[in-house]
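Trainee: For reference, the file query-v2.cif (mmCIF, C-alpha atoms and all ligand atoms) is included below:
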```cif
data_entry
loop_
_atom_site.label_atom_id
_atom_site.label_comp_id
_atom_site.auth_asym_id
_atom_site.auth_seq_id
_atom_site.Cartn_x
_atom_site.Cartn_y
_atom_site.Cartn_z
CA MET A 1 -76.23 107.21 -24.21
CA LYS A 2 -78.98 109.78 -24.63
CA ARG A 3 -76.43 112.51 -24.64
CA PHE A 4 -74.62 110.65 -27.39
CA ILE A 5 -77.81 110.39 -29.46
CA THR A 6 -78.47 114.10 -28.91
CA LEU A 7 -75.01 114.94 -30.20
CA ALA A 8 -75.46 112.63 -33.17
CA LEU A 9 -78.78 114.29 -34.00
CA LEU A 10 -77.19 117.72 -33.74
CA ALA A 11 -74.44 116.64 -36.11
CA VAL A 12 -76.96 115.27 -38.61
CA TRP A 13 -78.93 118.50 -38.38
CA MET A 14 -75.84 120.51 -39.25
CA VAL A 15 -74.53 118.23 -41.96
CA LEU A 16 -77.83 117.41 -43.65
CA PRO A 17 -78.27 120.53 -45.79
CA GLY A 18 -74.73 120.17 -47.14
CA TRP A 19 -75.23 116.50 -47.79
CA ALA A 20 -78.50 117.17 -49.62
CA GLN A 21 -76.68 119.58 -51.93
CA HIS A 22 -73.63 117.49 -52.50
CA GLU A 23 -75.17 115.57 -55.36
CA HIS A 24 -74.80 117.85 -58.36
CA GLN A 25 -78.13 117.03 -59.83
CA PRO A 26 -81.15 119.28 -60.01
CA ARG A 27 -83.74 118.30 -57.47
CA PRO A 28 -87.42 119.12 -57.67
CA SER A 29 -87.87 122.73 -56.63
CA PRO A 30 -90.06 123.53 -53.60
CA THR A 31 -92.76 124.50 -56.08
CA GLU A 32 -92.92 120.88 -57.12
CA ALA A 33 -92.67 119.31 -53.65
CA PRO A 34 -95.95 117.87 -52.37
CA ALA A 35 -97.43 119.50 -49.25
CA ILE A 36 -96.80 116.31 -47.25
CA TYR A 37 -93.07 117.02 -47.60
CA TRP A 38 -93.42 120.15 -45.50
CA VAL A 39 -95.56 118.37 -42.92
CA LEU A 40 -92.78 115.77 -42.62
CA VAL A 41 -90.10 118.47 -42.33
CA ALA A 42 -92.07 120.19 -39.57
CA LEU A 43 -92.65 116.86 -37.76
CA ALA A 44 -88.97 115.98 -38.03
CA VAL A 45 -87.92 119.33 -36.56
CA VAL A 46 -90.42 119.03 -33.71
CA ALA A 47 -89.31 115.44 -33.03
CA ILE A 48 -85.62 116.29 -32.98
CA VAL A 49 -86.09 119.33 -30.77
CA GLY A 50 -88.46 117.47 -28.48
CA PHE A 51 -85.98 114.67 -28.03
CA MET A 52 -83.15 117.06 -27.29
CA LEU A 53 -85.15 118.98 -24.72
CA TRP A 54 -86.24 115.74 -23.13
CA THR A 55 -82.68 114.45 -22.78
CA LEU A 56 -81.63 117.78 -21.33
CA TYR A 57 -84.46 118.33 -18.86
CA GLY A 58 -86.20 114.99 -18.63
CA LYS A 59 -84.10 113.23 -16.07
CA MET A 60 -83.09 116.24 -14.11
CA ARG A 61 -82.80 115.89 -10.39
CA PRO A 62 -83.45 118.72 -7.94
CA GLY A 63 -80.40 120.92 -7.70
CA ARG A 64 -79.42 120.37 -11.29
CA MET A 65 -82.38 122.36 -12.49
CA THR A 66 -80.71 125.66 -11.85
CA THR A 67 -77.48 124.84 -13.61
CA LEU A 68 -76.86 127.71 -15.97
CA SER A 69 -75.28 125.59 -18.64
CA TYR A 70 -78.39 123.43 -18.88
CA HIS A 71 -80.55 126.44 -19.54
CA ALA A 72 -78.03 127.80 -22.00
CA LEU A 73 -78.11 124.54 -23.92
CA GLY A 74 -81.89 124.51 -23.87
CA ALA A 75 -81.95 128.08 -25.17
CA LEU A 76 -79.52 127.13 -27.92
CA VAL A 77 -81.75 124.30 -29.07
CA ILE A 78 -84.76 126.61 -29.15
CA ILE A 79 -82.85 129.30 -31.04
CA MET A 80 -81.67 126.73 -33.58
CA THR A 81 -85.24 125.60 -34.06
CA LEU A 82 -86.42 129.14 -34.63
CA PHE A 83 -83.56 129.72 -37.10
CA THR A 84 -84.45 126.55 -38.97
CA LEU A 85 -88.06 127.65 -39.20
CA VAL A 86 -87.44 131.29 -40.07
CA LEU A 87 -84.52 130.80 -42.46
CA TYR A 88 -85.46 127.55 -44.12
CA VAL A 89 -88.89 126.07 -43.58
CA ILE A 90 -91.04 129.20 -43.78
CA PRO A 91 -89.27 130.75 -46.82
CA ALA A 92 -89.33 127.43 -48.67
CA GLN A 93 -93.01 127.10 -47.84
CA GLN A 94 -93.63 130.58 -49.22
CA ALA A 95 -91.61 129.85 -52.35
CA GLN A 96 -94.04 127.02 -52.95
CA GLN A 97 -96.70 129.58 -53.78
CA LEU A 98 -94.47 131.51 -56.17
CA PRO A 99 -94.46 130.82 -59.87
CA ALA A 100 -91.00 130.35 -61.40
CA THR A 101 -90.24 133.56 -63.27
CA ALA A 102 -89.04 133.77 -66.84
CA ARG A 103 -85.63 134.57 -65.40
CA ALA A 104 -85.48 131.35 -63.43
CA TRP A 105 -82.73 128.82 -63.86
CA ASP A 106 -83.75 126.40 -66.54
CA TRP A 107 -80.67 124.49 -67.74
CA LYS A 108 -80.12 120.79 -67.39
CA PRO A 109 -76.77 118.98 -67.31
CA GLY A 110 -75.48 118.50 -70.84
CA GLU A 111 -77.56 121.25 -72.43
CA ILE A 112 -75.55 123.46 -74.74
CA LEU A 113 -75.76 127.19 -75.28
CA GLN A 114 -74.40 128.71 -78.46
CA ASP A 115 -72.64 132.05 -78.18
CA PRO A 116 -75.40 134.60 -78.85
CA ALA A 117 -72.74 136.86 -80.37
CA GLY A 118 -72.21 134.22 -83.04
CA SER A 119 -68.55 133.45 -82.34
CA GLY A 120 -68.99 129.70 -82.87
CA LEU A 121 -68.24 128.99 -79.21
CA SER A 122 -70.61 126.93 -77.14
CA GLY A 123 -70.76 125.78 -73.55
CA GLU A 124 -72.82 124.12 -70.87
CA PRO A 125 -74.36 126.70 -68.51
CA TYR A 126 -75.08 124.04 -65.89
CA ARG A 127 -71.43 122.99 -65.69
CA GLY A 128 -70.47 126.65 -65.82
CA TYR A 129 -72.48 127.28 -62.70
CA LEU A 130 -70.52 124.58 -60.87
CA VAL A 131 -67.29 126.23 -62.04
CA TYR A 132 -68.68 129.54 -60.72
CA LEU A 133 -69.27 127.97 -57.31
CA ALA A 134 -65.98 126.13 -57.20
CA ASN A 135 -63.95 129.24 -57.98
CA GLY A 136 -65.46 131.53 -55.41
CA CYS A 137 -67.00 134.06 -57.78
CA THR A 138 -69.70 134.32 -55.18
CA TYR A 139 -67.25 135.86 -52.69
CA CYS A 140 -67.26 139.07 -54.70
CA HIS A 141 -70.36 138.86 -56.90
CA THR A 142 -74.03 138.66 -56.00
CA LEU A 143 -76.83 137.06 -57.97
CA TYR A 144 -79.39 139.03 -56.06
CA LEU A 145 -80.62 142.36 -57.31
CA ARG A 146 -81.85 144.77 -54.64
CA PRO A 147 -83.87 147.92 -55.37
CA GLU A 148 -80.93 150.09 -54.32
CA ASP A 149 -78.66 148.42 -56.89
CA LEU A 150 -80.73 149.96 -59.67
CA LYS A 151 -79.86 153.46 -58.52
CA THR A 152 -76.16 152.87 -57.93
CA GLY A 153 -75.55 151.24 -61.28
CA TRP A 154 -74.27 148.16 -59.49
CA ALA A 155 -76.26 146.02 -61.93
CA GLU A 156 -76.07 147.88 -65.18
CA GLY A 157 -78.73 147.04 -67.68
CA ALA A 158 -81.20 145.81 -65.05
CA ARG A 159 -84.74 147.07 -65.38
CA PRO A 160 -86.73 148.36 -62.41
CA ASN A 161 -89.10 145.37 -62.57
CA GLU A 162 -86.18 142.96 -62.28
CA VAL A 163 -85.46 143.27 -58.58
CA SER A 164 -84.86 139.70 -57.43
CA GLN A 165 -87.76 137.75 -56.05
CA MET A 166 -87.99 134.25 -54.65
CA GLY A 167 -89.52 132.87 -57.84
CA ASP A 168 -86.23 133.60 -59.62
CA PHE A 169 -84.47 130.95 -57.61
CA VAL A 170 -86.92 128.08 -57.26
CA ARG A 171 -85.34 126.03 -60.05
CA TYR A 172 -81.72 126.80 -59.20
CA PRO A 173 -79.70 123.66 -58.43
CA PHE A 174 -78.58 125.56 -55.32
CA THR A 175 -78.49 129.25 -54.73
CA MET A 176 -75.41 131.35 -54.18
CA LEU A 177 -76.81 134.81 -53.61
CA GLY A 178 -73.57 136.28 -52.32
CA THR A 179 -73.25 139.18 -49.91
CA GLN A 180 -69.95 140.92 -50.42
CA ARG A 181 -70.51 143.04 -53.56
CA ASP A 182 -66.86 143.74 -54.29
CA GLY A 183 -67.78 143.23 -57.91
CA PRO A 184 -71.00 144.14 -59.71
CA ASP A 185 -74.18 142.12 -59.38
CA LEU A 186 -74.31 139.55 -62.17
CA THR A 187 -78.07 138.90 -62.29
CA VAL A 188 -78.39 140.36 -65.80
CA ILE A 189 -74.76 140.24 -66.95
CA GLY A 190 -75.72 138.01 -69.89
CA ARG A 191 -77.97 140.68 -71.29
CA LYS A 192 -75.45 143.41 -70.63
CA ILE A 193 -72.71 141.44 -72.41
CA PRO A 194 -74.16 138.57 -74.46
CA ASP A 195 -70.77 137.59 -75.81
CA MET A 196 -68.99 134.43 -74.68
CA GLN A 197 -65.67 135.39 -76.22
CA TYR A 198 -65.63 138.67 -74.29
CA GLN A 199 -66.56 136.89 -71.07
CA ILE A 200 -63.69 134.44 -71.56
CA ASP A 201 -61.20 137.21 -72.38
CA HIS A 202 -62.34 139.16 -69.32
CA LEU A 203 -62.01 136.11 -67.05
CA VAL A 204 -58.52 135.42 -68.36
CA ASP A 205 -57.37 139.02 -67.97
CA PRO A 206 -59.83 141.43 -66.30
CA ARG A 207 -57.32 144.29 -66.42
CA ARG A 208 -57.20 144.18 -70.17
CA PHE A 209 -60.68 145.76 -70.12
CA LYS A 210 -60.85 147.42 -66.70
CA PRO A 211 -57.30 148.53 -65.82
CA LYS A 212 -58.16 149.06 -62.15
CA SER A 213 -60.12 145.86 -61.67
CA VAL A 214 -59.31 143.86 -58.53
CA MET A 215 -60.85 140.73 -59.98
CA PRO A 216 -58.33 137.87 -60.05
CA SER A 217 -57.34 136.31 -63.36
CA TYR A 218 -58.86 132.91 -64.05
CA ARG A 219 -56.37 131.94 -66.72
CA TYR A 220 -55.69 128.69 -64.87
CA LEU A 221 -59.13 127.32 -65.78
CA SER A 222 -59.28 124.76 -68.55
CA GLU A 223 -60.64 125.80 -71.93
CA ARG A 224 -63.80 123.81 -71.29
CA ASP A 225 -64.31 125.37 -67.87
CA LEU A 226 -63.90 128.85 -69.35
CA ARG A 227 -66.40 128.15 -72.12
CA ASP A 228 -68.94 126.67 -69.74
CA LEU A 229 -68.49 129.52 -67.27
CA ALA A 230 -68.96 132.03 -70.10
CA ALA A 231 -72.09 130.18 -71.19
CA TYR A 232 -73.43 130.42 -67.65
CA LEU A 233 -72.71 134.16 -67.49
CA VAL A 234 -74.36 134.75 -70.86
CA SER A 235 -77.46 132.87 -69.70
CA LEU A 236 -77.95 135.35 -66.83
CA GLY A 237 -80.71 137.82 -67.61
CA ASN A 238 -81.48 136.23 -70.96
CA ASP A 239 -84.47 134.06 -71.72
CA PRO A 240 -83.19 130.44 -71.73
CA GLN A 241 -85.76 129.47 -74.35
CA LYS A 242 -84.45 132.06 -76.78
CA LEU A 243 -80.82 131.19 -76.16
CA ARG A 244 -81.55 127.52 -76.76
CA ALA A 245 -83.41 128.19 -79.95
CA GLY A 246 -80.57 130.39 -81.14
CA VAL A 247 -82.84 133.38 -81.68
CA ALA A 248 -80.23 135.79 -80.37
CA PRO A 249 -78.68 137.95 -83.10
CA THR A 250 -75.94 136.39 -85.21
CA PRO A 251 -73.87 138.38 -87.69
CA LYS A 252 -74.94 138.21 -91.30
CA PRO A 253 -72.56 136.05 -93.34
CA THR A 254 -72.23 138.45 -96.28
CA GLU A 255 -71.20 141.62 -94.56
CA ASP A 256 -68.72 144.36 -95.15
CA PRO A 257 -65.36 143.19 -93.70
CA LYS A 258 -65.01 146.64 -92.11
CA ILE A 259 -68.19 146.10 -90.13
CA ALA A 260 -66.99 142.66 -89.08
CA LYS A 261 -63.70 144.17 -87.93
CA GLY A 262 -65.58 146.90 -86.05
CA ARG A 263 -67.66 144.29 -84.27
CA GLU A 264 -64.51 142.41 -83.29
CA LEU A 265 -62.90 145.63 -81.98
CA TYR A 266 -66.08 146.49 -80.08
CA ARG A 267 -65.51 143.27 -78.18
CA SER A 268 -61.73 143.09 -77.95
CA LEU A 269 -61.30 146.73 -76.86
CA GLY A 270 -64.00 146.30 -74.25
CA CYS A 271 -66.53 148.84 -75.60
CA VAL A 272 -69.02 146.02 -75.02
CA GLY A 273 -68.57 146.48 -71.27
CA CYS A 274 -70.02 150.01 -71.35
CA HIS A 275 -72.06 150.36 -74.56
CA SER A 276 -75.03 148.13 -75.37
CA LEU A 277 -76.38 147.32 -78.82
CA ASP A 278 -80.03 147.02 -77.87
CA GLY A 279 -80.83 150.63 -77.01
CA SER A 280 -80.59 150.26 -73.22
CA PRO A 281 -78.21 152.71 -71.54
CA ASN A 282 -75.29 151.19 -69.68
CA VAL A 283 -72.23 152.96 -68.27
CA GLY A 284 -72.34 154.83 -71.57
CA PRO A 285 -75.11 155.38 -74.14
CA SER A 286 -76.20 152.53 -76.39
CA PHE A 287 -74.74 152.38 -79.90
CA LYS A 288 -78.12 151.46 -81.33
CA GLY A 289 -79.44 154.31 -83.46
CA LEU A 290 -76.49 156.54 -82.53
CA TRP A 291 -75.44 157.23 -86.11
CA GLU A 292 -76.47 160.73 -87.23
CA ARG A 293 -78.59 161.26 -84.15
CA GLU A 294 -78.53 164.67 -82.49
CA VAL A 295 -76.64 164.38 -79.19
CA GLU A 296 -76.57 166.86 -76.33
CA VAL A 297 -73.01 167.15 -75.03
CA VAL A 298 -71.18 169.03 -72.31
CA LEU A 299 -67.97 170.80 -73.35
CA PRO A 300 -64.91 171.00 -71.06
CA ASP A 301 -65.89 174.59 -70.08
CA GLY A 302 -69.24 173.33 -68.78
CA THR A 303 -71.49 174.65 -71.53
CA THR A 304 -73.87 172.34 -73.35
CA THR A 305 -74.36 172.15 -77.08
CA ARG A 306 -75.90 169.86 -79.64
CA VAL A 307 -73.91 167.90 -82.22
CA ILE A 308 -74.73 165.35 -84.90
CA ALA A 309 -73.16 161.94 -84.30
CA ASP A 310 -71.21 161.69 -87.54
CA GLY A 311 -67.88 160.04 -88.30
CA ALA A 312 -65.82 162.93 -86.93
CA TYR A 313 -67.76 163.02 -83.65
CA ILE A 314 -67.47 159.26 -83.15
CA ARG A 315 -63.74 159.32 -83.87
CA GLU A 316 -63.28 162.14 -81.39
CA SER A 317 -65.36 160.30 -78.78
CA ILE A 318 -63.03 157.32 -79.05
CA THR A 319 -59.69 159.13 -79.06
CA GLN A 320 -60.62 162.04 -76.79
CA ALA A 321 -63.65 161.03 -74.80
CA SER A 322 -63.67 164.06 -72.52
CA ALA A 323 -63.74 166.62 -75.33
CA LYS A 324 -67.53 166.24 -75.55
CA VAL A 325 -69.25 164.34 -72.76
CA VAL A 326 -72.77 163.11 -73.47
CA LYS A 327 -75.20 164.90 -71.13
CA GLY A 328 -76.44 162.70 -68.32
CA PHE A 329 -73.43 160.37 -68.42
CA PRO A 330 -70.26 160.44 -66.29
CA ASN A 331 -66.97 161.38 -67.89
CA VAL A 332 -65.44 157.95 -67.33
CA MET A 333 -64.71 156.68 -70.81
CA PRO A 334 -60.99 155.99 -71.19
CA SER A 335 -59.15 157.44 -74.17
CA PHE A 336 -58.33 154.89 -76.83
CA ALA A 337 -56.01 157.20 -78.76
CA GLU A 338 -52.96 155.02 -78.05
CA ARG A 339 -54.73 151.76 -78.73
CA VAL A 340 -56.48 152.26 -82.06
CA THR A 341 -55.11 152.76 -85.54
CA GLU A 342 -56.66 154.88 -88.29
CA SER A 343 -58.20 151.78 -89.86
CA ASP A 344 -59.54 150.63 -86.47
CA LEU A 345 -61.35 153.96 -86.14
CA ASP A 346 -62.76 153.53 -89.64
CA ALA A 347 -64.00 150.06 -88.78
CA LEU A 348 -65.60 151.22 -85.50
CA VAL A 349 -67.39 154.07 -87.28
CA GLU A 350 -68.68 151.69 -89.98
CA TYR A 351 -69.81 149.27 -87.31
CA ILE A 352 -71.70 151.95 -85.35
CA LYS A 353 -73.18 153.16 -88.64
CA SER A 354 -74.50 149.64 -89.27
CA LEU A 355 -76.41 149.66 -85.98
CA ARG A 356 -79.11 152.07 -87.09
C1 LIG B 1 -61.86 139.58 -55.59
C2 LIG B 1 -63.17 139.80 -56.03
C3 LIG B 1 -63.65 139.13 -57.32
C4 LIG B 1 -63.75 137.79 -57.59
C5 LIG B 1 -63.31 136.61 -56.72
C6 LIG B 1 -64.36 137.68 -58.88
N1 LIG B 1 -64.64 138.92 -59.37
FE1 LIG B 1 -65.62 139.33 -61.11
N2 LIG B 1 -65.37 141.33 -60.78
C7 LIG B 1 -64.79 141.88 -59.67
C8 LIG B 1 -64.73 143.33 -59.84
C9 LIG B 1 -64.14 144.31 -58.85
C10 LIG B 1 -65.32 143.62 -61.10
C11 LIG B 1 -65.48 145.00 -61.78
C12 LIG B 1 -64.24 145.33 -62.60
C13 LIG B 1 -64.12 144.43 -63.80
O1 LIG B 1 -65.04 144.43 -64.64
O2 LIG B 1 -63.11 143.73 -63.94
C14 LIG B 1 -65.74 142.34 -61.65
C15 LIG B 1 -66.39 142.19 -62.85
C16 LIG B 1 -66.92 141.00 -63.33
C17 LIG B 1 -67.75 140.87 -64.48
C18 LIG B 1 -68.27 142.01 -65.33
C19 LIG B 1 -67.36 142.22 -66.49
C20 LIG B 1 -67.71 143.44 -67.29
O3 LIG B 1 -67.02 143.65 -68.26
O4 LIG B 1 -68.63 144.18 -66.92
C21 LIG B 1 -68.01 139.53 -64.65
C22 LIG B 1 -68.85 138.88 -65.74
C23 LIG B 1 -67.34 138.83 -63.59
N3 LIG B 1 -66.67 139.75 -62.80
C24 LIG B 1 -67.36 137.47 -63.41
C25 LIG B 1 -66.65 136.79 -62.42
C26 LIG B 1 -66.58 135.36 -62.32
C27 LIG B 1 -67.27 134.39 -63.26
C28 LIG B 1 -65.80 135.08 -61.25
C29 LIG B 1 -65.35 133.72 -60.75
C30 LIG B 1 -64.67 132.87 -61.70
C31 LIG B 1 -65.39 136.35 -60.65
N4 LIG B 1 -65.93 137.36 -61.40
C32 LIG B 1 -64.63 136.48 -59.51
C33 LIG B 1 -64.32 141.22 -58.56
C34 LIG B 1 -64.22 139.84 -58.45
C1 LIG B 2 -65.47 152.46 -69.04
C2 LIG B 2 -66.63 152.56 -69.87
C3 LIG B 2 -66.46 152.86 -71.37
C4 LIG B 2 -65.72 152.14 -72.29
C5 LIG B 2 -64.82 150.94 -72.05
C6 LIG B 2 -65.99 152.76 -73.56
N1 LIG B 2 -66.85 153.81 -73.40
FE1 LIG B 2 -67.57 155.02 -74.87
N2 LIG B 2 -68.55 156.14 -73.49
C7 LIG B 2 -68.60 155.87 -72.15
C8 LIG B 2 -69.39 156.90 -71.48
C9 LIG B 2 -69.68 156.97 -69.97
C10 LIG B 2 -69.83 157.78 -72.48
C11 LIG B 2 -70.70 159.01 -72.30
C12 LIG B 2 -69.86 160.14 -71.75
C13 LIG B 2 -68.89 160.65 -72.77
O1 LIG B 2 -69.34 161.07 -73.83
O2 LIG B 2 -67.69 160.59 -72.51
C14 LIG B 2 -69.27 157.28 -73.75
C15 LIG B 2 -69.48 157.87 -74.98
C16 LIG B 2 -69.12 157.30 -76.18
C17 LIG B 2 -69.51 157.79 -77.48
C18 LIG B 2 -70.45 158.94 -77.72
C19 LIG B 2 -71.85 158.33 -77.63
C20 LIG B 2 -73.01 159.24 -77.84
O3 LIG B 2 -74.15 158.75 -77.56
O4 LIG B 2 -72.85 160.38 -78.26
C21 LIG B 2 -68.95 156.96 -78.42
C22 LIG B 2 -69.10 157.05 -79.93
C23 LIG B 2 -68.20 155.96 -77.69
N3 LIG B 2 -68.32 156.18 -76.35
C24 LIG B 2 -67.50 154.95 -78.31
C25 LIG B 2 -66.77 154.00 -77.62
C26 LIG B 2 -65.97 152.98 -78.26
C27 LIG B 2 -65.88 152.75 -79.76
C28 LIG B 2 -65.40 152.25 -77.27
C29 LIG B 2 -64.42 151.09 -77.41
C30 LIG B 2 -63.24 151.34 -78.21
C31 LIG B 2 -65.82 152.81 -76.00
N4 LIG B 2 -66.66 153.85 -76.26
C32 LIG B 2 -65.46 152.33 -74.76
C33 LIG B 2 -68.01 154.83 -71.49
C34 LIG B 2 -67.15 153.89 -72.07
#
```
Before we go any further, please render this structure as structure tokens.

Mentor:
Amino acid sequence: MKRFITLALLAVWMVLPGWAQHEHQPRPSPTEAPAIYWVLVALAVVAIVGFMLWTLYGKMRPGRMTTLSYHALGALVIIMTLFTLVLYVIPAQQAQQLPATARAWDWKPGEILQDPAGSGLSGEPYRGYLVYLANGCTYCHTLYLRPEDLKTGWAEGARPNEVSQMGDFVRYPFTMLGTQRDGPDLTVIGRKIPDMQYQIDHLVDPRRFKPKSVMPSYRYLSERDLRDLAAYLVSLGNDPQKLRAGVAPTPKPTEDPKIAKGRELYRSLGCVGCHSLDGSPNVGPSFKGLWEREVEVVLPDGTTTRVIADGAYIRESITQASAKVVKGFPNVMPSFAERVTESDLDALVEYIKSLR
């Protein structure tokens, strides 16, 4: 009987965390849990472990004492207790003292995010996060920025002060940090590419933008799932308050159609994946303020020279990226010569010109 109860307790111990998360509703974060909660957790752990040890050792007769399996079981129970304390109770207790950062999760079910790029799309980041979990994005992507990721470019656009800390996660419905890193870290992907339409296009066909990408296509997702997932991605690294209030830049209604076309090409050709609009360097330099700036470039023979970023230079950069490689950047930009028409080039130049 006691052995049965021990087994039942063990099962509850293992199943409980999953059960607690199964309801897809935000629960109060540890920051909001009263201290008595942690006293109760500690008491519960001590009680469960005490009971198990008692059933194992309590009614032991002489001769049984030395049985190896008994000691192994006892050791297992103690190890599990230590794991519970070190991996769950102590970190959660520490998180209690941490303020939620500005980057913390802050969306509630039903809340809508408008596409910051102004495409007219909108989605629910909260639902998007559930789609993210359900489709195993976390097998390849992390939401956990380590100091070393800043140096390797594994989280482009992240700033040195944005290394993940516990306060980032206290409001998350549940955390999926990820470990594998087959794909880039997505902690600030929404700031790198604040464009829902691009996110959807990339999810549907990653190889359209990154020909060698190993990311699977998610074209099987419903339109709503795609929009919500894109909304979740765009929320990452952006201030939820600003996204909600719609402060993010939207295109001016009365603009040159060439500029509008250039903006569309910037997205649909995937320039957005490597070039930012806010001045922060990415895989390539930002387009902000590029027009007529003096640029230091490396020529194919290895010499450096200075050029003015005018229409001719920008056209050449797009059709023949390796002719002049911006100093300090890798020569990885693909050539778009086959993919752009004369009028596309015009539109892209006008668009970059408009980003002064
Ligand atoms: C098999 C591993 C794998 C899985 C699963 C996966 N990805 Fe990726 N992902 C990658 C790789 C590799 C890249 C880098 C190449 C690229 O951009 O396509 C990437 C890139 C990305 C990017 C950056 C795009 C850009 O243009 O910089 C986003 C956003 C992204 N993935 C989201 C997701 C989401 C959302 C899911 C789940 C629906 C997912 N990924 C599932 C491997 C994966
Ligand atoms: C895979 C990443 C990648 C993509 C996609 C990409 N670029 Fe680039 N781009 C770079 C890199 C890296 C550099 C800097 C090295 C160089 O000059 O080749 C660069 C340089 C440039 C420059 C020169 C910038 C300067 O500061 O002098 C222009 C202009 C440019 N790209 C335009 C574009 C346009 C337009 C597109 C889309 C049609 C595009 N790029 C797509 C990576 C990319």

Trainee: Report as a tab-separated table the residues of chain A within 6 Å of ligand LIG 1 (chain B), each with its shortest atom pair and distance in Å (one decimal), using all atoms listed in the file, ordered by chain and increasing residue number.

Mentor:
```
residue	atom	partner	partner_atom	distance
A:Tyr132	CA	B:LIG1	C30	5.3
A:Asn135	CA	B:LIG1	C30	5.2
A:Gly136	CA	B:LIG1	C5	5.7
A:Cys137	CA	B:LIG1	C29	3.4
A:Tyr139	CA	B:LIG1	C5	5.7
A:Cys140	CA	B:LIG1	C2	4.4
A:Asp182	CA	B:LIG1	C9	5.3
A:Gly183	CA	B:LIG1	C8	3.6
A:Pro184	CA	B:LIG1	C10	5.9
A:Pro206	CA	B:LIG1	O2	4.6
A:Lys210	CA	B:LIG1	O2	5.1
A:Ser213	CA	B:LIG1	C12	4.3
A:Val214	CA	B:LIG1	C9	4.9
A:Met215	CA	B:LIG1	C33	3.8
A:Pro216	CA	B:LIG1	C1	5.9
A:Gly273	CA	B:LIG1	O3	4.4
```

Trainee: Put the listed atoms of ligand LIG 2 (chain B) in a box along x, y and z with 3 Å added on every side and give me the centre and edge lengths in Å to one decimal, as JSON.

Mentor:
```
{"center_x": -68.7, "center_y": 156.0, "center_z": -74.5, "size_x": 16.9, "size_y": 16.1, "size_z": 16.9}
```

Trainee: Taking all atoms listed in the file into account, which residues are within 7 Å of ligand LIG 2 (chain B), as a ChimeraX atom specification?

Mentor: /A:209,265-266,269-271,273-275,283-287,290,295,309,314,317-318,321-322,324-326,329-334,336,348

Trainee: Selection from above, C-alpha atoms, as a short mmCIF file (atom, residue, chain, number, x, y, z; two decimals), in the coordinates of the input, can you write it?

Mentor:
```cif
data_model
loop_
_atom_site.label_atom_id
_atom_site.label_comp_id
_atom_site.auth_asym_id
_atom_site.auth_seq_id
_atom_site.Cartn_x
_atom_site.Cartn_y
_atom_site.Cartn_z
CA PHE A 209 -60.68 145.76 -70.12
CA LEU A 265 -62.90 145.63 -81.98
CA TYR A 266 -66.08 146.49 -80.08
CA LEU A 269 -61.30 146.73 -76.86
CA GLY A 270 -64.00 146.30 -74.25
CA CYS A 271 -66.53 148.84 -75.60
CA GLY A 273 -68.57 146.48 -71.27
CA CYS A 274 -70.02 150.01 -71.35
CA HIS A 275 -72.06 150.36 -74.56
CA VAL A 283 -72.23 152.96 -68.27
CA GLY A 284 -72.34 154.83 -71.57
CA PRO A 285 -75.11 155.38 -74.14
CA SER A 286 -76.20 152.53 -76.39
CA PHE A 287 -74.74 152.38 -79.90
CA LEU A 290 -76.49 156.54 -82.53
CA VAL A 295 -76.64 164.38 -79.19
CA ALA A 309 -73.16 161.94 -84.30
CA ILE A 314 -67.47 159.26 -83.15
CA SER A 317 -65.36 160.30 -78.78
CA ILE A 318 -63.03 157.32 -79.05
CA ALA A 321 -63.65 161.03 -74.80
CA SER A 322 -63.67 164.06 -72.52
CA LYS A 324 -67.53 166.24 -75.55
CA VAL A 325 -69.25 164.34 -72.76
CA VAL A 326 -72.77 163.11 -73.47
CA PHE A 329 -73.43 160.37 -68.42
CA PRO A 330 -70.26 160.44 -66.29
CA ASN A 331 -66.97 161.38 -67.89
CA VAL A 332 -65.44 157.95 -67.33
CA MET A 333 -64.71 156.68 -70.81
CA PRO A 334 -60.99 155.99 -71.19
CA PHE A 336 -58.33 154.89 -76.83
CA LEU A 348 -65.60 151.22 -85.50
#
```

Trainee: As a PyMOL selection string, please: the residues near Thr142 (chain A) (cut-off 7 Å, only C-alpha atoms, same-chain neighbours under 4 positions excluded).

Mentor: chain A and resi 138+177-179+181+185-186

Trainee: Between A:Gly279, A:Lys261, A:Val349, A:Gly50, which residue has the minimum interatomic distance to Trp291 (chain A), considering all atoms listed in the file?

Mentor: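 The closest residue to Trp291 (chain A) is A:Val349.
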
Trainee: Residues near Leu355 (chain A), anyone? I mean within 7 Å using all atoms listed in the file, not counting same-chain ones fewer than 4 positions away, as number ranges by chain.

Mentor: A: 287-289, 351

Trainee: Residues as selected, C-alpha atoms, written as an mmCIF file, in the coordinates of the input, can you do that?

Mentor:
```cif
data_model
loop_
_atom_site.group_PDB
_atom_site.id
_atom_site.type_symbol
_atom_site.label_atom_id
_atom_site.label_comp_id
_atom_site.auth_asym_id
_atom_site.auth_seq_id
_atom_site.Cartn_x
_atom_site.Cartn_y
_atom_site.Cartn_z
ATOM 1 C CA PHE A 287 -74.740 152.380 -79.900
ATOM 2 C CA LYS A 288 -78.120 151.460 -81.330
ATOM 3 C CA GLY A 289 -79.440 154.310 -83.460
ATOM 4 C CA TYR A 351 -69.810 149.270 -87.310
#
```

Trainee: Find the residues with any atom within 8 Å of (-83.3, 122.5, -35.9); use all atoms listed in the file and the coordinates as given in the file, and write the answer as a PyMOL selection string.

Mentor: chain A and resi 13+45+48-49+77+80-85
